[in-house]
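Novice: Enclosed is the structure file protein-v5.cif (mmCIF, C-alpha atoms).
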data_input
loop_
_atom_site.label_atom_id
_atom_site.label_comp_id
_atom_site.auth_asym_id
_atom_site.auth_seq_id
_atom_site.Cartn_x
_atom_site.Cartn_y
_atom_site.Cartn_z
CA MET Y 4 0.00 0.00 0.00
CA ASN Y 5 1.52 3.30 -1.07
CA ILE Y 6 1.26 6.60 0.75
CA LYS Y 7 -1.34 7.97 -1.68
CA SER Y 8 -3.74 5.08 -1.01
CA LEU Y 9 -3.26 5.46 2.72
CA LEU Y 10 -4.18 9.16 2.63
CA LEU Y 11 -7.27 8.55 0.52
CA GLY Y 12 -8.46 5.86 2.89
CA SER Y 13 -7.96 8.06 5.92
CA ALA Y 14 -9.92 10.91 4.31
CA ALA Y 15 -12.81 8.60 3.47
CA ALA Y 16 -12.93 7.36 7.05
CA LEU Y 17 -13.03 10.90 8.45
CA ILE Y 18 -15.89 11.89 6.11
CA ALA Y 19 -17.90 8.88 7.22
CA VAL Y 20 -17.40 9.68 10.91
CA SER Y 21 -18.25 13.34 10.38
CA GLY Y 22 -21.46 12.39 8.59
CA ALA Y 23 -22.52 10.16 11.43
CA ARG Y 24 -21.94 12.88 14.03
CA ALA Y 25 -23.76 15.47 11.91
CA ALA Y 26 -26.93 13.40 12.16
CA ASP Y 27 -26.85 13.83 15.95
CA ALA Y 28 -25.84 17.53 15.98
CA VAL Y 29 -27.84 19.98 18.15
CA VAL Y 30 -29.45 22.72 16.07
CA VAL Y 31 -29.24 26.11 17.89
CA ALA Y 32 -32.43 28.13 17.38
CA GLU Y 33 -32.14 31.66 16.07
CA PRO Y 34 -32.72 34.19 18.89
CA GLU Y 35 -36.13 35.84 18.77
CA PRO Y 36 -36.00 39.56 18.06
CA ALA Y 37 -36.25 41.68 21.24
CA GLU Y 38 -39.61 43.40 21.75
CA TYR Y 39 -38.85 47.02 22.53
CA VAL Y 40 -41.39 49.45 24.02
CA LYS Y 41 -43.42 51.10 21.28
CA ILE Y 42 -44.28 54.78 21.48
CA CYS Y 43 -48.01 55.61 21.51
CA ASP Y 44 -48.76 59.12 20.26
CA VAL Y 45 -52.55 58.81 20.08
CA TYR Y 46 -53.18 60.52 23.44
CA GLY Y 47 -50.25 62.94 23.53
CA ALA Y 48 -46.60 62.89 24.55
CA GLY Y 49 -45.21 60.38 27.05
CA TYR Y 50 -47.44 57.39 26.29
CA PHE Y 51 -46.15 53.95 25.33
CA TYR Y 52 -47.84 50.63 24.55
CA ILE Y 53 -47.91 48.09 27.37
CA PRO Y 54 -46.15 45.09 25.69
CA GLY Y 55 -48.59 42.56 24.31
CA THR Y 56 -51.61 44.88 24.56
CA GLU Y 57 -53.30 47.74 22.72
CA THR Y 58 -53.31 49.83 25.92
CA CYS Y 59 -51.25 53.01 26.05
CA LEU Y 60 -49.71 53.97 29.40
CA ARG Y 61 -48.14 57.16 30.69
CA ILE Y 62 -46.39 57.56 34.05
CA GLY Y 63 -45.70 60.99 35.50
CA GLY Y 64 -46.00 63.16 38.57
CA TYR Y 65 -44.04 65.76 40.46
CA VAL Y 66 -41.77 66.35 43.45
CA ARG Y 67 -42.60 69.50 45.41
CA TYR Y 68 -41.16 71.39 48.36
CA ASP Y 69 -43.09 74.21 50.08
CA ILE Y 70 -41.69 76.71 52.59
CA GLY Y 71 -44.30 78.90 54.25
CA ALA Y 72 -44.08 81.71 56.79
CA GLY Y 73 -46.57 84.05 58.38
CA ASP Y 74 -50.01 83.49 59.86
CA VAL Y 75 -51.88 80.20 60.01
CA GLY Y 76 -55.01 81.99 58.79
CA SER Y 77 -53.49 82.68 55.36
CA PHE Y 78 -52.67 78.94 54.97
CA ASP Y 79 -48.93 79.77 54.99
CA GLY Y 80 -47.71 79.67 58.58
CA ALA Y 81 -47.43 77.35 61.57
CA THR Y 82 -46.78 77.57 65.31
CA SER Y 83 -44.99 75.33 67.79
CA PHE Y 84 -44.01 75.16 71.47
CA ASP Y 85 -40.62 76.51 72.54
CA HIS Y 86 -38.55 73.53 73.76
CA LYS Y 87 -37.18 75.46 76.73
CA ASP Y 88 -40.10 77.34 78.26
CA GLY Y 89 -43.08 75.86 76.41
CA ASP Y 90 -44.29 79.18 75.00
CA GLU Y 91 -46.16 79.06 71.71
CA GLN Y 92 -44.29 80.75 68.87
CA ASP Y 93 -44.34 81.09 65.09
CA THR Y 94 -42.34 78.75 62.88
CA PHE Y 95 -42.06 77.73 59.25
CA TYR Y 96 -44.70 75.60 57.60
CA LYS Y 97 -42.82 73.11 55.43
CA ASN Y 98 -44.05 70.24 53.32
CA ALA Y 99 -42.35 67.89 50.86
CA ARG Y 100 -44.57 65.95 48.48
CA PHE Y 101 -44.11 63.19 45.95
CA THR Y 102 -47.05 62.71 43.60
CA LEU Y 103 -47.34 59.69 41.30
CA LYS Y 104 -49.72 59.89 38.32
CA THR Y 105 -50.74 57.29 35.76
CA TRP Y 106 -52.84 57.60 32.61
CA THR Y 107 -54.04 54.82 30.31
CA GLY Y 108 -55.94 54.93 27.02
CA GLN Y 109 -57.29 52.39 24.56
CA GLU Y 110 -59.66 52.61 21.63
CA THR Y 111 -62.70 50.29 21.77
CA GLU Y 112 -65.91 49.80 19.79
CA LEU Y 113 -67.69 51.81 22.53
CA GLY Y 114 -65.26 54.71 22.48
CA THR Y 115 -62.00 55.57 24.23
CA LEU Y 116 -61.36 53.65 27.46
CA LYS Y 117 -59.29 55.77 29.85
CA THR Y 118 -58.10 55.70 33.45
CA TYR Y 119 -56.34 58.22 35.64
CA THR Y 120 -54.80 57.83 39.10
CA GLU Y 121 -52.99 60.24 41.38
CA THR Y 122 -51.45 59.34 44.73
CA ARG Y 123 -49.72 61.82 47.05
CA PHE Y 124 -47.10 61.24 49.74
CA ASN Y 125 -46.29 64.08 52.16
CA PHE Y 126 -43.74 64.84 54.88
CA GLY Y 127 -43.68 67.96 57.02
CA ASN Y 128 -45.40 69.80 59.85
CA ARG Y 129 -48.95 71.14 59.77
CA ASN Y 130 -50.35 74.51 58.78
CA GLY Y 131 -51.77 74.76 62.28
CA TYR Y 132 -51.18 75.15 66.01
CA PRO Y 133 -49.63 72.94 68.71
CA SER Y 134 -51.88 71.36 71.33
CA ALA Y 135 -51.14 71.20 75.05
CA ASP Y 136 -51.92 68.24 77.27
CA ASP Y 137 -55.25 68.29 79.09
CA PRO Y 138 -54.46 67.43 82.73
CA THR Y 139 -58.05 66.27 83.35
CA THR Y 140 -57.71 63.30 80.96
CA GLU Y 141 -55.49 60.22 80.98
CA ALA Y 142 -54.62 60.62 77.29
CA ASP Y 143 -51.50 62.50 76.27
CA GLU Y 144 -52.73 65.27 73.95
CA PHE Y 145 -49.44 67.17 73.86
CA ASN Y 146 -48.45 67.90 70.28
CA SER Y 147 -45.83 70.51 69.41
CA ASN Y 148 -46.71 70.33 65.70
CA PRO Y 149 -43.69 68.20 64.74
CA ALA Y 150 -42.68 67.30 61.20
CA GLY Y 151 -43.34 63.73 60.12
CA ASN Y 152 -44.90 61.51 57.50
CA LYS Y 153 -48.52 62.36 56.83
CA ASN Y 154 -51.35 60.25 55.51
CA VAL Y 155 -51.02 58.99 51.93
CA SER Y 156 -53.93 60.34 49.88
CA LEU Y 157 -55.63 58.87 46.83
CA ASN Y 158 -56.71 62.00 44.99
CA PHE Y 159 -57.87 60.42 41.72
CA ALA Y 160 -58.70 56.88 40.63
CA TRP Y 161 -61.32 56.85 37.88
CA ILE Y 162 -62.30 54.84 34.81
CA GLN Y 163 -63.89 56.51 31.78
CA LEU Y 164 -65.47 54.87 28.72
CA GLY Y 165 -66.61 57.40 26.17
CA GLY Y 166 -68.34 60.09 28.23
CA LEU Y 167 -69.10 57.89 31.27
CA ARG Y 168 -66.76 58.24 34.25
CA VAL Y 169 -66.84 56.33 37.56
CA GLY Y 170 -64.51 56.32 40.56
CA LYS Y 171 -62.61 58.76 42.75
CA ASP Y 172 -62.46 62.28 41.34
CA GLU Y 173 -62.92 65.88 42.37
CA SER Y 174 -66.43 67.29 42.27
CA ALA Y 175 -67.71 68.47 38.89
CA PHE Y 176 -68.87 71.55 40.81
CA ASP Y 177 -65.19 72.57 40.72
CA THR Y 178 -63.54 70.68 37.85
CA PHE Y 179 -66.10 71.48 35.15
CA ILE Y 180 -66.26 75.21 35.82
CA GLY Y 181 -62.57 75.48 36.77
CA TYR Y 182 -60.51 76.32 39.82
CA ALA Y 183 -60.24 79.88 41.12
CA GLY Y 184 -57.10 80.98 39.31
CA ASN Y 185 -53.44 79.99 39.20
CA VAL Y 186 -52.55 81.07 42.72
CA LEU Y 187 -51.37 78.52 45.28
CA GLN Y 188 -53.89 79.47 47.99
CA ASP Y 189 -57.05 79.76 45.91
CA THR Y 190 -59.47 78.82 48.74
CA LEU Y 191 -59.04 81.73 51.16
CA VAL Y 192 -62.71 82.15 50.32
CA PRO Y 193 -63.69 78.55 49.47
CA TYR Y 194 -65.69 77.77 46.33
CA GLY Y 195 -66.69 74.14 46.99
CA ASP Y 196 -65.27 70.92 48.40
CA PHE Y 197 -63.30 68.55 46.20
CA ASP Y 198 -62.86 64.86 47.11
CA THR Y 199 -65.69 62.52 46.12
CA ASN Y 200 -66.62 59.31 44.37
CA VAL Y 201 -68.60 60.01 41.20
CA VAL Y 202 -70.78 58.48 38.53
CA GLN Y 203 -70.89 61.13 35.84
CA TYR Y 204 -71.48 61.63 32.15
CA TYR Y 205 -69.69 64.25 30.05
CA PHE Y 206 -71.04 65.37 26.68
CA ASP Y 207 -69.08 67.34 24.08
CA ALA Y 208 -71.01 68.51 21.01
CA GLY Y 209 -67.80 69.41 19.18
CA ASN Y 210 -68.92 72.97 18.40
CA GLY Y 211 -67.82 74.55 21.69
CA PHE Y 212 -70.82 73.35 23.68
CA SER Y 213 -70.32 70.76 26.46
CA ALA Y 214 -72.28 69.53 29.47
CA VAL Y 215 -71.91 67.27 32.49
CA VAL Y 216 -74.17 65.44 34.94
CA SER Y 217 -72.54 63.98 38.05
CA LEU Y 218 -73.88 61.85 40.92
CA GLU Y 219 -71.56 62.31 43.88
CA GLU Y 220 -70.95 60.80 47.31
CA GLY Y 221 -69.18 63.76 48.90
CA SER Y 222 -66.64 63.41 51.70
CA GLY Y 223 -66.09 64.41 55.31
CA THR Y 224 -68.57 64.54 58.16
CA VAL Y 225 -70.73 67.24 56.58
CA GLY Y 226 -70.33 66.21 52.96
CA THR Y 227 -70.69 62.41 52.82
CA ILE Y 228 -74.22 61.37 51.84
CA ASP Y 229 -76.31 59.95 54.69
CA SER Y 230 -78.69 57.81 52.58
CA TYR Y 231 -79.06 56.24 49.12
CA VAL Y 232 -79.81 59.68 47.68
CA PRO Y 233 -76.67 61.13 46.01
CA HIS Y 234 -75.63 64.71 45.63
CA VAL Y 235 -76.31 65.87 42.07
CA VAL Y 236 -74.25 68.29 39.96
CA GLY Y 237 -75.07 69.57 36.47
CA GLY Y 238 -73.18 71.98 34.26
CA VAL Y 239 -73.07 73.54 30.79
CA LYS Y 240 -70.21 75.32 29.03
CA TYR Y 241 -69.70 77.26 25.81
CA THR Y 242 -66.09 77.72 24.66
CA GLN Y 243 -64.80 79.82 21.76
CA GLY Y 244 -61.56 81.57 20.81
CA TRP Y 245 -62.35 84.56 23.00
CA GLY Y 246 -62.79 82.42 26.13
CA ALA Y 247 -65.69 80.57 27.74
CA ILE Y 248 -68.85 80.95 29.79
CA THR Y 249 -69.77 78.19 32.23
CA GLY Y 250 -72.49 77.44 34.74
CA VAL Y 251 -72.86 74.68 37.35
CA VAL Y 252 -75.58 73.88 39.86
CA ALA Y 253 -75.46 71.37 42.73
CA TYR Y 254 -78.03 69.75 45.01
CA ASP Y 255 -76.83 68.83 48.52
CA SER Y 256 -78.90 65.79 49.48
CA ASN Y 257 -77.89 65.90 53.17
CA TYR Y 258 -79.19 69.40 53.85
CA GLU Y 259 -81.52 69.71 50.84
CA GLU Y 260 -79.89 72.94 49.70
CA VAL Y 261 -78.89 74.18 46.24
CA ALA Y 262 -75.77 76.07 45.15
CA GLY Y 263 -74.65 77.39 41.80
CA LYS Y 264 -71.75 79.20 40.15
CA VAL Y 265 -71.38 81.12 36.88
CA ARG Y 266 -68.00 81.91 35.35
CA LEU Y 267 -66.68 84.02 32.49
CA ASP Y 268 -63.19 83.46 31.06
CA ILE Y 269 -61.75 85.87 28.52
CA THR Y 270 -58.42 86.25 26.70
CA PRO Y 271 -58.19 89.94 25.72
CA MET Y 272 -54.63 89.48 24.46
CA GLN Y 273 -52.32 86.56 23.76
CA ASN Y 274 -50.41 86.81 27.03
CA LEU Y 275 -53.31 87.75 29.32
CA SER Y 276 -56.19 85.62 30.59
CA LEU Y 277 -58.87 86.84 33.01
CA PHE Y 278 -61.78 85.26 34.85
CA ILE Y 279 -64.68 86.28 37.06
CA MET Y 280 -66.82 83.76 38.94
CA GLY Y 281 -69.86 84.29 41.13
CA GLY Y 282 -71.57 81.85 43.46
CA TYR Y 283 -74.96 81.76 45.17
CA GLY Y 284 -76.46 79.14 47.47
CA THR Y 285 -79.38 78.60 49.82
CA ASP Y 286 -78.41 77.94 53.44
CA ASP Y 287 -81.45 77.73 55.73
CA ASN Y 288 -80.66 74.15 56.75
CA LEU Y 289 -76.90 74.69 56.65
CA THR Y 290 -77.25 77.33 59.36
CA ASP Y 291 -79.80 75.38 61.45
CA SER Y 292 -77.98 74.51 64.68
CA SER Y 293 -80.71 72.00 65.64
CA TYR Y 294 -79.33 69.51 63.09
CA ALA Y 295 -77.54 66.52 64.63
CA ILE Y 296 -74.60 67.37 62.37
CA ASP Y 297 -74.46 71.17 62.33
CA ALA Y 298 -72.90 72.40 59.09
CA GLY Y 299 -72.13 75.82 60.51
CA GLY Y 300 -73.33 77.49 57.32
CA ARG Y 301 -70.89 75.64 55.05
CA GLY Y 302 -72.00 72.61 53.05
CA PHE Y 303 -70.15 70.39 50.61
CA TYR Y 304 -70.90 72.73 47.71
CA LYS Y 305 -71.78 76.11 49.28
CA GLN Y 306 -68.65 76.45 51.38
CA TRP Y 307 -68.39 80.23 51.19
CA GLY Y 308 -69.80 82.42 53.94
CA GLY Y 309 -73.40 83.57 53.48
CA ASN Y 310 -75.48 83.20 50.34
CA TRP Y 311 -73.17 84.79 47.77
CA ALA Y 312 -69.49 85.12 46.91
CA PHE Y 313 -67.27 86.04 43.99
CA TRP Y 314 -63.75 85.30 42.78
CA GLY Y 315 -61.78 87.10 40.09
CA GLY Y 316 -58.26 87.19 38.77
CA GLY Y 317 -55.99 86.26 35.94
CA THR Y 318 -52.59 85.34 34.57
CA TYR Y 319 -50.20 87.66 32.74
CA THR Y 320 -47.37 85.94 30.90
CA ILE Y 321 -44.38 88.26 31.21
CA ASN Y 322 -42.11 86.15 29.02
CA GLU Y 323 -41.66 82.50 28.07
CA LYS Y 324 -40.32 81.69 31.55
CA THR Y 325 -42.21 84.04 33.87
CA SER Y 326 -45.87 84.62 34.69
CA PHE Y 327 -47.77 86.76 37.19
CA ASN Y 328 -50.93 85.33 38.79
CA ALA Y 329 -53.45 87.05 41.02
CA GLN Y 330 -56.83 86.39 42.63
CA VAL Y 331 -59.28 88.38 44.75
CA SER Y 332 -62.23 86.76 46.56
CA TYR Y 333 -65.04 88.00 48.79
CA ASP Y 334 -68.23 86.60 50.34
CA GLU Y 335 -71.35 87.82 52.15
CA TRP Y 336 -69.73 87.21 55.54
CA LYS Y 337 -67.18 89.90 54.59
CA ASN Y 338 -64.28 87.46 54.19
CA LEU Y 339 -61.76 89.04 51.82
CA GLY Y 340 -58.95 87.02 50.28
CA VAL Y 341 -56.08 88.32 48.14
CA ALA Y 342 -53.34 86.15 46.63
CA ALA Y 343 -50.62 86.98 44.11
CA ASN Y 344 -47.51 85.19 42.90
CA ILE Y 345 -44.68 85.12 40.41
CA ALA Y 346 -43.98 81.73 38.79
CA TYR Y 347 -40.62 81.23 37.10
CA ASP Y 348 -39.59 78.23 34.98
CA VAL Y 349 -35.91 77.77 35.84
CA VAL Y 350 -35.57 75.04 33.23
CA PRO Y 351 -38.29 73.01 31.49
CA GLY Y 352 -40.08 70.97 34.15
CA PHE Y 353 -38.72 72.89 37.15
CA THR Y 354 -40.76 75.86 38.43
CA VAL Y 355 -40.22 78.14 41.41
CA THR Y 356 -43.23 80.13 42.65
CA ALA Y 357 -43.23 82.90 45.27
CA GLU Y 358 -46.64 83.94 46.63
CA VAL Y 359 -48.06 86.43 49.13
CA ASP Y 360 -51.50 85.80 50.67
CA TYR Y 361 -53.86 87.96 52.74
CA LEU Y 362 -57.14 87.16 54.49
CA ASN Y 363 -59.43 89.56 56.32
CA ALA Y 364 -62.06 87.61 58.25
CA GLY Y 365 -64.85 90.16 58.39
CA LYS Y 366 -66.91 88.48 61.13
CA PHE Y 367 -63.97 87.28 63.23
CA ASP Y 368 -65.25 89.03 66.37
CA ASP Y 369 -68.81 87.69 66.01
CA ALA Y 370 -69.97 84.94 68.34
CA ASN Y 371 -71.13 82.73 65.46
CA PHE Y 372 -68.00 83.23 63.33
CA SER Y 373 -67.31 80.21 61.06
CA ASN Y 374 -63.52 79.94 60.91
CA PHE Y 375 -62.69 78.20 57.61
CA THR Y 376 -58.95 79.00 57.55
CA ASN Y 377 -58.40 78.42 61.29
CA ALA Y 378 -57.32 82.05 61.72
CA ASP Y 379 -56.41 83.33 65.18
CA LYS Y 380 -56.97 86.99 64.33
CA LYS Y 381 -59.05 89.11 62.00
CA SER Y 382 -56.30 89.88 59.45
CA SER Y 383 -53.81 87.19 58.43
CA ILE Y 384 -50.89 87.52 56.04
CA GLY Y 385 -48.19 85.15 54.92
CA GLY Y 386 -46.07 83.92 52.08
CA LEU Y 387 -45.18 80.62 50.42
CA LEU Y 388 -42.17 79.62 48.32
CA ARG Y 389 -42.70 76.52 46.18
CA PHE Y 390 -40.17 74.44 44.27
CA GLN Y 391 -41.70 71.88 41.90
CA ARG Y 392 -40.16 69.40 39.47
CA SER Y 393 -42.81 67.94 37.20
CA PHE Y 394 -42.25 64.93 34.99
#
As structure tokens, what does this structure read like?

Specialist:
Amino acid sequence: MNIKSLLLGSAAALIAVSGARAADAVVVAEPEPAEYVKICDVYGAGYFYIPGTETCLRIGGYVRYDIGAGDVGSFDGATSFDHKDGDEQDTFYKNARFTLKTWTGQETELGTLKTYTETRFNFGNRNGYPSADDPTTEADEFNSNPAGNKNVSLNFAWIQLGGLRVGKDESAFDTFIGYAGNVLQDTLVPYGDFDTNVVQYYFDAGNGFSAVVSLEEGSGTVGTIDSYVPHVVGGVKYTQGWGAITGVVAYDSNYEEVAGKVRLDITPMQNLSLFIMGGYGTDDNLTDSSYAIDAGGRGFYKQWGGNWAFWGGGTYTINEKTSFNAQVSYDEWKNLGVAANIAYDVVPGFTVTAEVDYLNAGKFDDANFSNFTNADKKSSIGGLLRFQRSF
């Protein structure tokens, strides 16, 4: 056997062995392409598709830090006990807040299916007074108004299909007609309570006309319904390029009273927006002290003092970073509120606002004075500095 024959034989043997092993070889599957998050631009910026679904999700919120000084009655100040001698003295009101928001949206054969949630976490002291221990009781009531974690609040948690909304919301008595300006302390003269569960229907004609009907549970001792009969809110709005005119009316099922508000919004120039809002409500039962739960003249909807009140103000955009906001409010009980601030956008998403607030409680010296702001004197003044990073 020559060398050439030997080499050919060896090659044939190797081919045969390789063929046998190839029959048993493990085939490695091709990796599946990674499924990246898809952007959803149907409902605005920030939404993305939840993988494997047709639902669009957005996650956002803000981090806020407030520093307040002045009187408790302007919602800006706080007091505490001196650690050495126990005397009550003024101190800062400070509060840090983290707010988490979620939005979802999906198109269905019955219309757009949406949800919205908002949860708030707070740390700080209270816009209030310290409390001393009552020696006649066994309980320890001493509270120097210390800073600490506060209750977590669920401010919104609703589901909406088309125009039908159910869940936790703020009252349509406030949301449909709008809040009282862009000031931080817009309730020096209150214009209605907020937190409530709702079953409501919103209608938009598409030509500037819209309407809402809302069945509401209310909240708090005075506001929560005491039977199967809900509070009822209805509203109509007409919006055009010049602004809007809106009206809402509410029936308080606990005290069988009615309250309403009418509002005019106008934009006389591109960088100026103004509003005026008036409220009127009946209050015979709200002021009846024979009720087991005495409302003290302030119900869930008619929270202002007396039958009537008004609020007015506006926003002037100084430049692309700076705006000036102001509000004046007054009610039949001679409560006068004034608030004004400068809001400055340091960078996109980060705003610093400095505000000054004043309240004159007209009936402070009266025996039946209803103290909404917890003021300890007739005239209260204070200021608030807010830092907020929104995302």

Novice: Between atom CA of Leu191 of chain Y and atom CA of Gly340 of chain Y, what distance in Å does the model show, to one decimal?

Specialist: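 Computed distance, atom CA of Leu191 of chain Y to atom CA of Gly340 of chain Y, equals 5.4 Å.
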
Novice: Kindly assemble as a tab-separated table a list of the segment 208-253 of chain Y residues that lie within 7 Å of segment 267-278 of chain Y, each paired with its nearest atom pair and their distance in Å to one decimal, using all atoms listed in the file, sorted first by chain and then by ascending residue number.

Specialist:
residue	atom	partner	partner_atom	distance
Y:Trp245	CA	Y:Thr270	CA	5.7
Y:Gly246	CA	Y:Ile269	CA	4.3
Y:Ala247	CA	Y:Asp268	CA	5.1
Y:Ile248	CA	Y:Leu267	CA	4.6
Y:Thr249	CA	Y:Leu267	CA	6.6

Novice: Do you have the atom CA of Lys337 of chain Y-atom CA of Gln92 of chain Y distance handy?

Specialist: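 According to the coordinates, atom CA of Lys337 of chain Y and atom CA of Gln92 of chain Y are separated by 28.5 Å.
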
Novice: Could you tell me which residues the PyMOL selection byres ((chain Y and resi 321) around 12) returns for this structure, as a PyMOL selection string?

Specialist: chain Y and resi 273-275+318-320+322-328+345-348

Novice: Using all atoms listed in the file, pick whichever of Y:Gly151, Y:Gly282, Y:Gly131, Y:Gly316 has the shortest atom-to-atom distance to Asn98 of chain Y.

Specialist: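 Nearest candidate to Asn98 of chain Y out of Y:Gly151, Y:Gly282, Y:Gly131, Y:Gly316: Y:Gly151.
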
Novice: Provide the atom CA of Ser256 of chain Y to atom CA of Ala364 of chain Y distance in Å, to one decimal place.

Specialist: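 These two atoms are separated by 28.9 Å.
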